[in-house]
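Trainee: Here it is: the structure, laid out below.
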Amino acid sequence: MEKAKVIQKLKKYFFLISILLFGMTSIHLVYTYMYSDANEEPIVGWTISEALIGDIPHLNPLVNSNGNDKYIVSILYRSLLTYDVNEQKILSDIATCDISNLLYVECFLNDNIYWSDGSPITSRDVISTYEILKNTSVNPIIASLLEETTIEERASSIIFSNRVKDINFLNVFFQPIAPASILETLGSEELQGKFSPIGGIYSWKYIISNISQDETVGVTRLTLEKNTNYHQNPVFIERIIFKFFKDTGSFLKQKETINIFHDKQNIIGASVARLQEYTYNLPQYIALFVNSENITNKDLREFLLSHISREDLIHNLGAEDYHAVFNPYISDTSIDSTSTDVDIVEVMKNLGYTPLKSHIEKVRSKISTKTSTEYSGEAKPIETSSTATSSTGRVTNENTPISEENLQTPSLTIISPDFVEKYNYITKDDILLQWTASGAPDAIYVNDYKLQGYTKGDLYFYYRLRESYDTISPGINTYDISFESAGKKEIKETIIFLYDADTAKLERLKADFFTKLEQEREKKLAEEQALQQTQETTPISKSEEEKFKEELQTLESLDGRWFYNDDLEPFTLKLFYFDTEKNITDASSYIQKTLEKLGIQIELSAVSITDVIRMLQDDTESAPYDLMLGGVHLQYFDFNIFPYFHSSQIKWGNHYNFSRYRKLSLDILLEELRGNILSKEKTLELENKVLEILEEEQIVKTLYSPNMSILIDKNIKNITIPENLPDESYRILPIENAYLLERKNLITENKTFFGFFGFIFEHLFLWTSK
């Protein structure tokens, strides 16, 4: 009886539980049905924090900035145009600009654009910003781009007129615009200094609302809040607190308190589980440039660059932090030399340097030969192997007949026509020669004629060979090219043209010319052998023997790793490197160790970018370095390497042709790439031609680029980062559309009793069919 009552109670309990479960399930199913097509809407609000290491930024939108300075300024100010990193194209921001013609750009200010104080952004703000940039030294880079630009305000537009097409000019439209109401109150020193974080007027999606310091943890907090007067695509995050830590140690103690950190140097890595890593690439790289003015021998350039292993270098720096870059356009095409037959001993011998052991053997042979002559009274037969070489790398000795092949060398300064060499043979006149005027001489002479068309500072000078001008005549024509500086005249190069309109006569002239050279060479060689015969048959004195032994002791005390000239000076190359990043310093040490193992002594010198600019502006004949290790940042236009390889970029201004290489065919390609907005197909075609020249000339080796990493709190939703960004300031992009929480908006239309059962049966069928 008792057992039956217990069973009855259990049945009631199970029944109640079943009803409860049925009710809960029904509620869940109804909820799922009702919200099955609900819209998710981010909730506006919340605060996030980002950690930055360093000082509070200068907040000045006018000066040239990088790092944290540029990042914060880009969050506060807008520009005429902006760059869409997803579509990789230029879009409107403050203005709509027609950039199809780089000589004439017209901009129309957009509607509904305001400063944070509610006042409209006007053409007065734009004109004031650019006039200050153009006419002061606040931003030398933008000033150089605006130097030949006329800015004109019309009734409804602003016109930018240029004399030269240059894709780099478009960078001025990414320049932040500042309010004229503030600019007009500042003096010249204030325009170049820090802007106050208090009371500023801004134009982008955030404004500065507060700044505070906490010395106990070594942090300064810069608080940014939403700009309520920004009406285009407003952000969801209400407030961003930038925490500026004075050093890495202070940051590491507080790393658990932040939501975002740009982990550029892999400081915390995966040590904070809450932070998720996002990676991206920048159009930048570290490259080794060879100064072609100092290292004219292409075999030596090829030897130096081919022995720098990109893979070994990256392994030494940290393979997880860097990736290889194979050419200046950051594409997959390699411009590394594939030749393996460069004999460095022969190359150095042609430059006048031999291994130390060769010097020692030479002195020992003198002692041995002279001593044996003294005692025997007989002279040993003369054995000579005098060697000479041209700058093309061809080797000749006294037994090699004189010919065009072993005497010909390329012109050192002529860039057009490209067929001109030391010896030239022509049947037609009217040839315009174009030279480079390196070193900015006061005057230039061709033989005794002073060029009237040359003005100091010109990059090039010209001379026309025409019989009617009496600048060339049938026969042998010799042209001595002389530069005059400070009253001193110096011959820079001698070019010879053999000219006759009759081809047969020209061939006879050519044969007679080389016969005469051969006779002169034989006469000189006979005189040298006679002098050597006299020296070898002269018995050695005791004092001479002691002199040779002292010379031998001096040689044996030298470092046996290097090549030495006859004055016992080691062959040494000067490697300058940018003192901006630790990885560049480490890379310079790797290059030094690598080349010194091969017998090339390397002197390292750390330089700043300012030092380099000053160095390239100097009017000296050549730059004081042989190798330059530095960074290249292509930013928005990764097809434009004009500033790094065009002949005009060697001196005068903020130019960076570190290889100091001049070649007309290369200049023409670079000018076409920078002067027009081309199709992708045409751009690729021109880039490939540029790379062919760079591979042939071996003046640069691109090495590596850092892997960029940003850590973001996993609780922040809707984070997307493009694979490639033009610069670090664009890392704010993930925050533009990010949020912490969202709400679901219920859609009740078409929600019916029968629709509910249809929803159940549909999903039940899908579940059972799996």
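Chain lettering (A, B, ...) mirrors the order of the structure tokens, residue numbering begins at 1 for each chain separately, and ligand numbering begins at 1 in order of display.
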Mind the document's chain letters and residue numbers, and return as a list in words the residues of range 272-328 of chain A that DSSP labels alpha helix (DSSP H).

Mentor: Lys298, Asp299, Leu300, Arg301, Glu302, Phe303, Leu304, Leu305, Ser306, Arg310, Glu311, Asp312, Leu313, Ile314, His315, Asn316 and Leu317 of chain A

Trainee: With N, CA, C and O atoms retained, write the just-selected residues as a short mmCIF file (atom, residue, chain, number, x, y, z; two decimals), in the first residue's frame.

Mentor:
```
data_model
loop_
_atom_site.label_atom_id
_atom_site.label_comp_id
_atom_site.auth_asym_id
_atom_site.auth_seq_id
_atom_site.Cartn_x
_atom_site.Cartn_y
_atom_site.Cartn_z
N LYS A 298 81.49 46.62 -61.47
CA LYS A 298 80.25 45.87 -61.30
C LYS A 298 80.50 44.48 -60.71
O LYS A 298 79.68 43.94 -59.96
N ASP A 299 81.65 43.88 -61.04
CA ASP A 299 81.96 42.56 -60.48
C ASP A 299 82.07 42.63 -58.96
O ASP A 299 81.62 41.73 -58.26
N LEU A 300 82.64 43.72 -58.46
CA LEU A 300 82.76 43.87 -57.01
C LEU A 300 81.38 44.08 -56.39
O LEU A 300 81.08 43.51 -55.33
N ARG A 301 80.54 44.90 -57.04
CA ARG A 301 79.18 45.10 -56.52
C ARG A 301 78.43 43.77 -56.47
O ARG A 301 77.75 43.45 -55.48
N GLU A 302 78.57 43.02 -57.53
CA GLU A 302 77.90 41.71 -57.59
C GLU A 302 78.42 40.77 -56.51
O GLU A 302 77.64 40.07 -55.86
N PHE A 303 79.73 40.78 -56.29
CA PHE A 303 80.32 39.91 -55.27
C PHE A 303 79.80 40.28 -53.89
O PHE A 303 79.41 39.41 -53.11
N LEU A 304 79.78 41.56 -53.58
CA LEU A 304 79.34 42.01 -52.25
C LEU A 304 77.90 41.62 -51.98
O LEU A 304 77.58 41.04 -50.94
N LEU A 305 77.01 41.92 -52.93
CA LEU A 305 75.58 41.68 -52.70
C LEU A 305 75.23 40.20 -52.72
O LEU A 305 74.37 39.74 -51.95
N SER A 306 75.91 39.44 -53.58
CA SER A 306 75.57 38.02 -53.69
C SER A 306 75.96 37.23 -52.45
O SER A 306 75.41 36.15 -52.20
N ARG A 310 70.11 36.63 -47.55
CA ARG A 310 68.86 37.19 -47.00
C ARG A 310 68.26 36.21 -45.97
O ARG A 310 67.79 36.63 -44.91
N GLU A 311 68.30 34.93 -46.29
CA GLU A 311 67.71 33.93 -45.40
C GLU A 311 68.48 33.84 -44.08
O GLU A 311 67.87 33.78 -43.00
N ASP A 312 69.81 33.84 -44.14
CA ASP A 312 70.60 33.77 -42.91
C ASP A 312 70.40 35.01 -42.06
O ASP A 312 70.33 34.93 -40.82
N LEU A 313 70.32 36.16 -42.70
CA LEU A 313 70.12 37.41 -41.97
C LEU A 313 68.78 37.38 -41.23
O LEU A 313 68.73 37.72 -40.04
N ILE A 314 67.71 36.98 -41.90
CA ILE A 314 66.40 36.92 -41.26
C ILE A 314 66.40 35.91 -40.13
O ILE A 314 65.81 36.14 -39.07
N HIS A 315 67.10 34.79 -40.32
CA HIS A 315 67.20 33.79 -39.25
C HIS A 315 67.89 34.39 -38.02
O HIS A 315 67.47 34.15 -36.87
N ASN A 316 68.93 35.18 -38.24
CA ASN A 316 69.65 35.80 -37.13
C ASN A 316 68.80 36.86 -36.42
O ASN A 316 68.88 37.02 -35.20
N LEU A 317 68.00 37.59 -37.19
CA LEU A 317 67.16 38.63 -36.60
C LEU A 317 65.95 38.05 -35.88
O LEU A 317 65.44 38.65 -34.93
#
```

Trainee: Between A:Gln265, A:Gln213, A:Asn227, A:Asn60, which residue has the minimum interatomic distance to Lys246 in chain A, considering only C-alpha atoms?

Mentor: A:Gln213

Trainee: Which one of A:Glu528, A:Asp125, A:Glu189, A:Asp111 sits closest to Ser79 in chain A if you count only C-alpha atoms?

Mentor: A:Asp125

Trainee: Could you jot down the CA of Pro722 in chain A to CA of Asn707 in chain A separation for me, Å, one decimal place?

Mentor: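 Between CA of Pro722 in chain A and CA of Asn707 in chain A the gap works out to 13.7 Å.
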
Trainee: List as a tab-separated table every residue of range 583-644 of chain A that is in contact with range 166-175 of chain A, defined as an atom at most 12 Å from one of its atoms (using only C-alpha atoms), together with the nearest atom pair and the distance in Å rounded to one decimal, sorted by chain and then rising number.

Mentor:
```
residue	atom	partner	partner_atom	distance
A:Leu634	CA	A:Asn168	CA	10.0
A:Gln635	CA	A:Asn171	CA	9.3
A:Tyr636	CA	A:Asn171	CA	8.1
A:Phe637	CA	A:Asn168	CA	7.7
A:Asp638	CA	A:Asn168	CA	10.6
A:Phe639	CA	A:Ile167	CA	9.8
A:Asn640	CA	A:Ile167	CA	7.7
A:Ile641	CA	A:Asn168	CA	10.1
A:Phe642	CA	A:Asn168	CA	9.3
A:Pro643	CA	A:Asn168	CA	9.3
```

Trainee: Quick one: pull the distance between CA of Ile335 in chain A and CA of Glu696 in chain A, Å, one decimal.

Mentor: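 These two atoms are separated by 8.3 Å.
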